[in-house]
Structures are given as C-alpha cells and as structure tokens.
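Colleague: Supplied structure: structure-v2.tsv, TSV, C-alpha atoms and all ligand atoms.
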```
chain	number	residue	atom	x	y	z
A	1	MET	CA	13.94	7.77	21.78
A	2	THR	CA	16.13	4.89	20.70
A	3	ASN	CA	19.36	5.69	18.93
A	4	TYR	CA	20.34	3.14	16.30
A	5	VAL	CA	23.81	2.37	15.06
A	6	ILE	CA	22.55	2.36	11.46
A	7	ALA	CA	19.41	3.96	9.98
A	8	PRO	CA	16.40	1.77	10.85
A	9	PRO	CA	14.56	0.23	7.89
A	10	ASP	CA	11.35	1.69	6.53
A	11	ILE	CA	8.11	0.06	7.67
A	12	ALA	CA	6.72	-2.11	4.87
A	13	SER	CA	3.13	-1.15	4.04
A	14	LEU	CA	0.19	-1.69	1.75
A	15	ALA	CA	-2.26	0.72	0.15
A	16	VAL	CA	-5.81	0.80	1.48
A	17	ALA	CA	-8.78	1.37	-0.82
A	18	GLY	CA	-10.61	4.62	-0.25
A	19	THR	CA	-7.84	6.41	1.71
A	20	THR	CA	-4.31	7.69	1.31
A	21	GLU	CA	-3.39	6.07	4.64
A	22	ARG	CA	-1.42	2.84	4.46
A	23	PHE	CA	-1.52	-0.46	6.36
A	24	PRO	CA	1.80	-1.27	8.10
A	25	VAL	CA	2.87	-4.87	7.50
A	26	ARG	CA	4.39	-6.71	10.45
A	27	ARG	CA	4.65	-10.33	9.25
A	28	ILE	CA	3.40	-12.36	6.28
A	29	PHE	CA	2.02	-15.81	7.09
A	30	CYS	CA	1.21	-18.04	4.11
A	31	VAL	CA	-0.91	-21.18	4.11
A	32	GLY	CA	0.41	-24.18	2.20
A	33	ARG	CA	-1.96	-26.34	0.14
A	34	ASN	CA	-5.41	-24.94	1.00
A	35	TYR	CA	-7.41	-25.87	-2.13
A	36	ALA	CA	-7.82	-29.57	-2.86
A	37	ALA	CA	-7.26	-29.29	-6.60
A	38	HIS	CA	-3.99	-27.38	-6.08
A	39	ALA	CA	-2.78	-29.93	-3.50
A	40	ARG	CA	-3.36	-32.65	-6.10
A	41	GLU	CA	-1.53	-30.75	-8.85
A	42	MET	CA	1.45	-30.52	-6.45
A	43	GLY	CA	1.35	-34.29	-6.00
A	44	ARG	CA	-0.18	-34.28	-2.52
A	45	ASP	CA	-3.35	-35.74	-0.94
A	46	PRO	CA	-5.51	-32.87	0.32
A	47	ASP	CA	-7.68	-34.83	2.74
A	48	ARG	CA	-7.78	-32.72	5.87
A	49	GLU	CA	-4.16	-32.69	6.83
A	50	PRO	CA	-3.88	-29.83	9.35
A	51	PRO	CA	-3.01	-26.46	7.79
A	52	PHE	CA	0.69	-25.68	7.60
A	53	PHE	CA	2.44	-22.36	7.13
A	54	PHE	CA	5.49	-20.66	5.74
A	55	MET	CA	6.46	-17.00	5.87
A	56	LYS	CA	7.69	-14.20	3.68
A	57	PRO	CA	9.54	-11.11	4.92
A	58	ALA	CA	7.29	-8.07	5.37
A	59	ASP	CA	9.28	-6.09	2.82
A	60	ALA	CA	8.39	-8.60	0.07
A	61	VAL	CA	5.13	-6.66	-0.38
A	62	MET	CA	4.70	-4.70	-3.62
A	63	ASP	CA	1.89	-2.37	-4.64
A	64	ASP	CA	-0.59	-2.93	-7.44
A	65	GLY	CA	0.91	-2.04	-10.80
A	66	ALA	CA	4.41	-3.12	-9.78
A	67	ALA	CA	7.00	-4.18	-12.33
A	68	ILE	CA	8.44	-7.32	-10.76
A	69	PRO	CA	12.02	-8.21	-11.73
A	70	TYR	CA	12.34	-11.86	-12.83
A	71	PRO	CA	14.08	-13.28	-9.75
A	72	PRO	CA	17.56	-14.82	-9.75
A	73	GLU	CA	18.38	-18.52	-9.46
A	74	THR	CA	15.15	-19.87	-10.94
A	75	GLN	CA	13.99	-21.26	-14.27
A	76	ASN	CA	10.43	-21.84	-13.01
A	77	PHE	CA	8.93	-18.62	-11.60
A	78	HIS	CA	5.25	-19.24	-10.74
A	79	HIS	CA	2.10	-17.23	-10.02
A	80	GLU	CA	-0.27	-18.13	-7.17
A	81	ILE	CA	-3.37	-15.91	-6.81
A	82	GLU	CA	-4.51	-15.69	-3.19
A	83	LEU	CA	-7.00	-14.06	-0.82
A	84	VAL	CA	-5.05	-11.89	1.63
A	85	VAL	CA	-6.34	-11.28	5.17
A	86	ALA	CA	-5.02	-8.20	7.01
A	87	LEU	CA	-5.31	-8.21	10.80
A	88	GLY	CA	-6.22	-5.06	12.69
A	89	ARG	CA	-6.18	-6.81	16.06
A	90	GLY	CA	-3.92	-9.49	17.46
A	91	GLY	CA	-4.30	-12.25	19.98
A	92	VAL	CA	-3.41	-15.76	21.02
A	93	ASP	CA	-5.67	-18.83	21.07
A	94	ILE	CA	-8.32	-16.99	19.07
A	95	ALA	CA	-11.50	-19.04	18.72
A	96	PRO	CA	-12.79	-19.47	15.17
A	97	GLU	CA	-16.07	-17.88	16.27
A	98	GLN	CA	-14.21	-14.67	17.24
A	99	ALA	CA	-11.57	-14.72	14.52
A	100	LEU	CA	-13.28	-12.45	12.02
A	101	ASP	CA	-13.42	-9.66	14.66
A	102	HIS	CA	-9.63	-9.41	14.21
A	103	VAL	CA	-9.76	-8.71	10.47
A	104	PHE	CA	-9.06	-5.18	9.25
A	105	GLY	CA	-9.66	-5.98	5.62
A	106	TYR	CA	-8.99	-8.22	2.66
A	107	GLY	CA	-6.90	-7.99	-0.48
A	108	VAL	CA	-5.96	-9.68	-3.73
A	109	GLY	CA	-2.39	-10.95	-3.61
A	110	ILE	CA	0.00	-13.10	-5.62
A	111	ASP	CA	2.32	-15.54	-3.81
A	112	LEU	CA	5.17	-15.43	-6.31
A	113	THR	CA	7.18	-18.63	-6.09
A	114	ARG	CA	10.51	-19.96	-7.36
A	115	ARG	CA	8.91	-23.36	-7.91
A	116	ASP	CA	12.12	-25.20	-8.77
A	117	LEU	CA	13.78	-24.05	-5.55
A	118	GLN	CA	10.65	-24.79	-3.50
A	119	LEU	CA	10.29	-28.34	-4.83
A	120	ALA	CA	13.99	-29.11	-4.47
A	121	ALA	CA	13.82	-27.95	-0.85
A	122	ARG	CA	10.62	-29.90	-0.24
A	123	ASP	CA	12.10	-33.10	-1.62
A	124	LEU	CA	15.27	-32.71	0.47
A	125	GLY	CA	13.34	-31.89	3.65
A	126	ARG	CA	14.82	-28.38	3.66
A	127	PRO	CA	13.03	-25.05	4.40
A	128	TRP	CA	10.96	-23.39	1.67
A	129	ASP	CA	12.33	-19.90	2.34
A	130	TRP	CA	14.46	-19.58	-0.81
A	131	GLY	CA	11.54	-20.68	-2.96
A	132	LYS	CA	9.00	-18.39	-1.32
A	133	GLY	CA	10.50	-15.53	0.66
A	134	PHE	CA	12.57	-13.68	-1.94
A	135	ASP	CA	12.54	-9.99	-2.88
A	136	HIS	CA	9.32	-8.63	-4.47
A	137	SER	CA	7.52	-11.94	-3.92
A	138	ALA	CA	4.25	-10.59	-2.48
A	139	PRO	CA	2.44	-8.08	-4.70
A	140	ILE	CA	-0.89	-7.16	-3.09
A	141	ALA	CA	-3.63	-4.85	-4.39
A	142	PRO	CA	-5.00	-2.12	-2.09
A	143	LEU	CA	-6.59	-3.69	0.99
A	144	VAL	CA	-10.37	-3.34	1.17
A	145	PRO	CA	-11.59	-2.61	4.73
A	146	VAL	CA	-14.20	-5.02	6.04
A	147	ALA	CA	-16.63	-2.10	6.28
A	148	MET	CA	-16.53	-1.92	2.46
A	149	SER	CA	-16.34	-5.61	1.50
A	150	GLY	CA	-17.96	-7.51	4.34
A	151	HIS	CA	-16.49	-10.93	5.14
A	152	LEU	CA	-15.90	-13.30	2.26
A	153	GLU	CA	-17.10	-16.89	2.41
A	154	SER	CA	-17.44	-17.31	-1.34
A	155	GLY	CA	-16.71	-15.46	-4.56
A	156	ARG	CA	-14.68	-15.98	-7.69
A	157	ILE	CA	-10.87	-15.90	-7.44
A	158	TRP	CA	-8.97	-15.85	-10.74
A	159	LEU	CA	-5.69	-14.99	-12.46
A	160	ALA	CA	-4.82	-14.42	-16.09
A	161	VAL	CA	-1.47	-14.19	-17.87
A	162	ASN	CA	-1.49	-11.96	-20.96
A	163	GLY	CA	-5.29	-12.15	-20.89
A	164	VAL	CA	-5.48	-15.95	-20.77
A	165	VAL	CA	-7.21	-17.24	-17.62
A	166	LYS	CA	-4.96	-19.70	-15.77
A	167	GLN	CA	-6.54	-19.92	-12.32
A	168	ASN	CA	-10.31	-19.80	-11.79
A	169	ALA	CA	-11.95	-21.00	-8.59
A	170	ASP	CA	-14.16	-19.96	-5.70
A	171	LEU	CA	-13.26	-18.97	-2.14
A	172	ALA	CA	-15.86	-21.50	-1.00
A	173	ASP	CA	-13.34	-24.17	-2.09
A	174	LEU	CA	-10.86	-23.26	0.67
A	175	ILE	CA	-10.09	-26.36	2.74
A	176	TRP	CA	-9.42	-24.20	5.83
A	177	ASP	CA	-11.54	-21.05	5.78
A	178	VAL	CA	-10.44	-17.65	7.11
A	179	PRO	CA	-11.65	-18.12	10.72
A	180	GLU	CA	-9.97	-21.54	10.92
A	181	VAL	CA	-6.71	-20.18	9.50
A	182	ILE	CA	-6.58	-17.26	11.96
A	183	ALA	CA	-7.38	-19.59	14.85
A	184	SER	CA	-4.73	-22.06	13.72
A	185	VAL	CA	-1.91	-19.49	13.50
A	186	SER	CA	-2.91	-18.01	16.87
A	187	ARG	CA	-2.49	-21.38	18.55
A	188	SER	CA	1.21	-21.32	17.61
A	189	MET	CA	2.12	-17.63	17.75
A	190	ARG	CA	0.66	-14.46	19.18
A	191	LEU	CA	-0.84	-12.64	16.23
A	192	ALA	CA	-0.40	-8.88	16.13
A	193	PRO	CA	-1.97	-5.91	14.35
A	194	GLY	CA	-0.24	-5.56	10.99
A	195	ASP	CA	0.11	-9.29	10.40
A	196	ILE	CA	-1.23	-10.49	7.07
A	197	ILE	CA	-2.13	-13.99	5.99
A	198	MET	CA	-2.00	-15.27	2.41
A	199	THR	CA	-4.59	-18.03	2.43
A	200	GLY	CA	-3.36	-20.36	-0.32
A	201	THR	CA	-3.88	-20.69	-4.04
A	202	PRO	CA	-6.32	-22.68	-6.18
A	203	ALA	CA	-5.24	-24.96	-9.02
A	204	GLY	CA	-3.73	-23.67	-12.23
A	205	VAL	CA	-0.38	-22.33	-11.04
A	206	GLY	CA	2.19	-21.97	-13.76
A	207	PRO	CA	5.29	-20.23	-15.04
A	208	LEU	CA	5.85	-16.55	-15.79
A	209	LYS	CA	8.42	-15.02	-18.11
A	210	ARG	CA	9.79	-11.57	-18.70
A	211	GLY	CA	7.26	-9.36	-20.45
A	212	ASP	CA	4.19	-11.12	-19.05
A	213	GLN	CA	1.24	-9.01	-17.94
A	214	VAL	CA	-0.48	-10.67	-14.99
A	215	THR	CA	-3.97	-9.75	-13.81
A	216	GLY	CA	-6.05	-11.30	-11.07
A	217	GLY	CA	-9.08	-10.62	-8.97
A	218	ILE	CA	-11.50	-11.65	-6.28
A	219	ASP	CA	-15.19	-10.74	-6.22
A	220	LYS	CA	-15.84	-7.68	-4.00
A	221	LEU	CA	-12.10	-6.90	-3.73
A	222	GLY	CA	-11.22	-5.69	-7.21
A	223	GLU	CA	-8.18	-6.62	-9.23
A	224	ILE	CA	-4.39	-6.64	-9.20
A	225	LYS	CA	-2.10	-6.09	-12.15
A	226	ILE	CA	1.66	-6.69	-12.30
A	227	SER	CA	4.22	-7.06	-15.02
A	228	VAL	CA	7.35	-9.21	-15.09
A	229	ILE	CA	10.49	-7.42	-16.26
B	301	MN	MN	0.75	-19.89	-1.96
```
Can you turn what I pasted into structure tokens?
Modeller:
Amino acid sequence: MTNYVIAPPDIASLAVAGTTERFPVRRIFCVGRNYAAHAREMGRDPDREPPFFFMKPADAVMDDGAAIPYPPETQNFHHEIELVVALGRGGVDIAPEQALDHVFGYGVGIDLTRRDLQLAARDLGRPWDWGKGFDHSAPIAPLVPVAMSGHLESGRIWLAVNGVVKQNADLADLIWDVPEVIASVSRSMRLAPGDIIMTGTPAGVGPLKRGDQVTGGIDKLGEIKISVI
C-alpha cells in the first residue's frame, strides 16, 4: 500500500440511475463546436472542421439538484446543455464501428462556462481552461446505463432557465456523432474506463444569474435541475 505525504483526494464520481453504486470519473473531455447553429452563434464556420477538445478537471462534476455558486471573475456565466458519454472500457485507435462497445452509459450534463474569460482567451490565442475548467462547472444528472437507454442517435435535447426554454435541438444535429467523437479522442490519447465526454452544445447558450433555476433534458435520459446561488 502506498503511503502519501498528504491525504489523497477523494475520487470524483457520478450517480448512476437504478443503483446506489457510483461511476468514478477519471477525466472529462469536452468537444468544442459540435452543432452547426451553435458554431455560427459563436462566430465560427461549422463546415466540417475536425473536432477539437478541451478538458475539465474530474472534480468539476456535481450531482443533479446541486446549488452552483456563481463563479468568481466573470460577468457572463453561461449554460450549455450537453449529451454526456461515460466510458466503461478504454482503448487507443478505437474504430468508429467499435466505439459504442466502450460506452457504459449516457447522461444529461451542463458545460458551465465563464464566457467572457473563454472568448478573451480565444481571441488572444490562450488556453480555454479558465473559461471552462473552474470549480463546479460540470453538473451531470445520474448516468443511464446503455442497458436501460440503448444508444442515442437522435432525440430532443433542451434547457430552460426559470421555465423559459433557451436551448432546443436534436441529437441528430451533432456534427460529429458519438462513435466519431470516441474514435477521434482515442487517436490522440489512450481512453480509459471512467473517462467521460461532453459532446458539445446546441444553439441558444446564454447567461445565468444568481437565483436562476435551470432545468434540462434529453429524451430517454431524463432531466437535470440545478440552481445558481
Ligand atoms: Mn460545451
């Protein structure tokens, strides 16, 4: 047994629907612009540029129902509803045709974003980390095992703020679908069990303020609810 010079950190984890057991989170990969309409609203041309990625720390995950503190150093704190893919198996150079065999389950997540910091970094050619990878920035509803949901090629994905729908799209609109995204990451890094992938957000992102009640959902996966405090 390894002795550590300080207490080792807890393992970040997510709830799993239908069980009290939890899914240990190893890394969080996030896809940039993966819906054409969202790429356009961010001022970019969506036409088949290869997928690109950024990351959040594993301990950014929060459970459904979380009260999310309004983060520091931003005046433009945004919601991004996303399909989350949780990997039960890892691998390198995974072919798209085999990629879905690596999926443990799916979830409804929100890629919370300090948009002002992200865009300033983007425009200066600096990393996105401070805009994307901050504390509490990845609330995710209980994962739904594939055995319960099946694989998802289409289905409504939506988000509402205080009951007003802001994002409303279909998973069929993903530029790079789940098998392509898994294959793409695995060409650059060895994926491992416990890795999760946030697959990008559709159009309609916008600001949150303290007191907002945020709900979102994906067909077959249920809903997520958070509040901003
Ligand atoms: Mn996102």
Colleague: Tell me which residues come within 10 Å of (-5.6, 0.1, -7.9), as a PyMOL selection string, counting all atoms listed in the file in the file's coordinates.
Modeller: chain A and resi 15-17+63-65+140-143+222-225
Colleague: Please provide as an MDAnalysis selection string all residues within 6 Å of region 170-185 of chain A, with the sequence filter that same-chain residues fewer than 2 positions apart are discarded (counting all atoms listed in the file).
Modeller: chainID A and resid 34:35 94:96 99 153:157 187:188
Colleague: Could those selected residues go to a file with C-alpha atoms, as a PDB file, in the coordinates of the input?
Modeller:
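Contents of selection_20.pdb, freshly written:
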```
ATOM      1  CA  ASN A  34      -5.410 -24.940   1.000  1.00  0.00           C
ATOM      2  CA  TYR A  35      -7.410 -25.870  -2.130  1.00  0.00           C
ATOM      3  CA  ILE A  94      -8.320 -16.990  19.070  1.00  0.00           C
ATOM      4  CA  ALA A  95     -11.500 -19.040  18.720  1.00  0.00           C
ATOM      5  CA  PRO A  96     -12.790 -19.470  15.170  1.00  0.00           C
ATOM      6  CA  ALA A  99     -11.570 -14.720  14.520  1.00  0.00           C
ATOM      7  CA  GLU A 153     -17.100 -16.890   2.410  1.00  0.00           C
ATOM      8  CA  SER A 154     -17.440 -17.310  -1.340  1.00  0.00           C
ATOM      9  CA  GLY A 155     -16.710 -15.460  -4.560  1.00  0.00           C
ATOM     10  CA  ARG A 156     -14.680 -15.980  -7.690  1.00  0.00           C
ATOM     11  CA  ILE A 157     -10.870 -15.900  -7.440  1.00  0.00           C
ATOM     12  CA  ARG A 187      -2.490 -21.380  18.550  1.00  0.00           C
ATOM     13  CA  SER A 188       1.210 -21.320  17.610  1.00  0.00           C
TER      14      SER A 188
END
```
Colleague: Ligand MN 301 (chain B): which residues are within 7 Å, counting all atoms listed in the file, as a list in words?
Modeller: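 Answer in the requested format: Cys30, Val31, Gly32, Glu80, Glu82, Asp111, Met198, Gly200 and Thr201 of chain A.
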Colleague: Which residues, written as a short mmCIF file (atom, residue, chain, number, x, y, z; two decimals) with C-alpha atoms, keeping the file's coordinate frame, have at least one atom at most 12 Å from Ala192 (chain A), with only C-alpha atoms counted and residues fewer than 2 positions away on the same chain left out?
Modeller:
```cif
data_model
loop_
_atom_site.label_atom_id
_atom_site.label_comp_id
_atom_site.auth_asym_id
_atom_site.auth_seq_id
_atom_site.Cartn_x
_atom_site.Cartn_y
_atom_site.Cartn_z
CA PRO A 24 1.80 -1.27 8.10
CA VAL A 25 2.87 -4.87 7.50
CA ARG A 26 4.39 -6.71 10.45
CA ARG A 27 4.65 -10.33 9.25
CA ILE A 28 3.40 -12.36 6.28
CA PHE A 29 2.02 -15.81 7.09
CA ALA A 86 -5.02 -8.20 7.01
CA LEU A 87 -5.31 -8.21 10.80
CA GLY A 88 -6.22 -5.06 12.69
CA ARG A 89 -6.18 -6.81 16.06
CA GLY A 90 -3.92 -9.49 17.46
CA GLY A 91 -4.30 -12.25 19.98
CA VAL A 92 -3.41 -15.76 21.02
CA ILE A 94 -8.32 -16.99 19.07
CA HIS A 102 -9.63 -9.41 14.21
CA VAL A 103 -9.76 -8.71 10.47
CA PHE A 104 -9.06 -5.18 9.25
CA ILE A 182 -6.58 -17.26 11.96
CA VAL A 185 -1.91 -19.49 13.50
CA SER A 186 -2.91 -18.01 16.87
CA MET A 189 2.12 -17.63 17.75
CA ARG A 190 0.66 -14.46 19.18
CA GLY A 194 -0.24 -5.56 10.99
CA ASP A 195 0.11 -9.29 10.40
CA ILE A 196 -1.23 -10.49 7.07
CA ILE A 197 -2.13 -13.99 5.99
#
```
Colleague: So which one's closest to Val146 (chain A), A:Gly107, A:Pro50, A:Gly133, A:Pro71? Using all atoms listed in the file, please.
Modeller: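 Ranked by minimum distance to Val146 (chain A), first place goes to A:Gly107.
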Colleague: Taking into account only C-alpha atoms, which residue in the set A:Ile6, A:Ile81, A:Ala66, A:Met1 is nearest to Ile218 (chain A)?
Modeller: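 Among the listed residues, the smallest separation from Ile218 (chain A) belongs to A:Ile81.
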Colleague: What separation in Å, quoted to one decimal, exists between CA of Thr215 (chain A) and CA of Glu21 (chain A)?
Modeller: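 Between CA of Thr215 (chain A) and CA of Glu21 (chain A) the gap is 24.3 Å.
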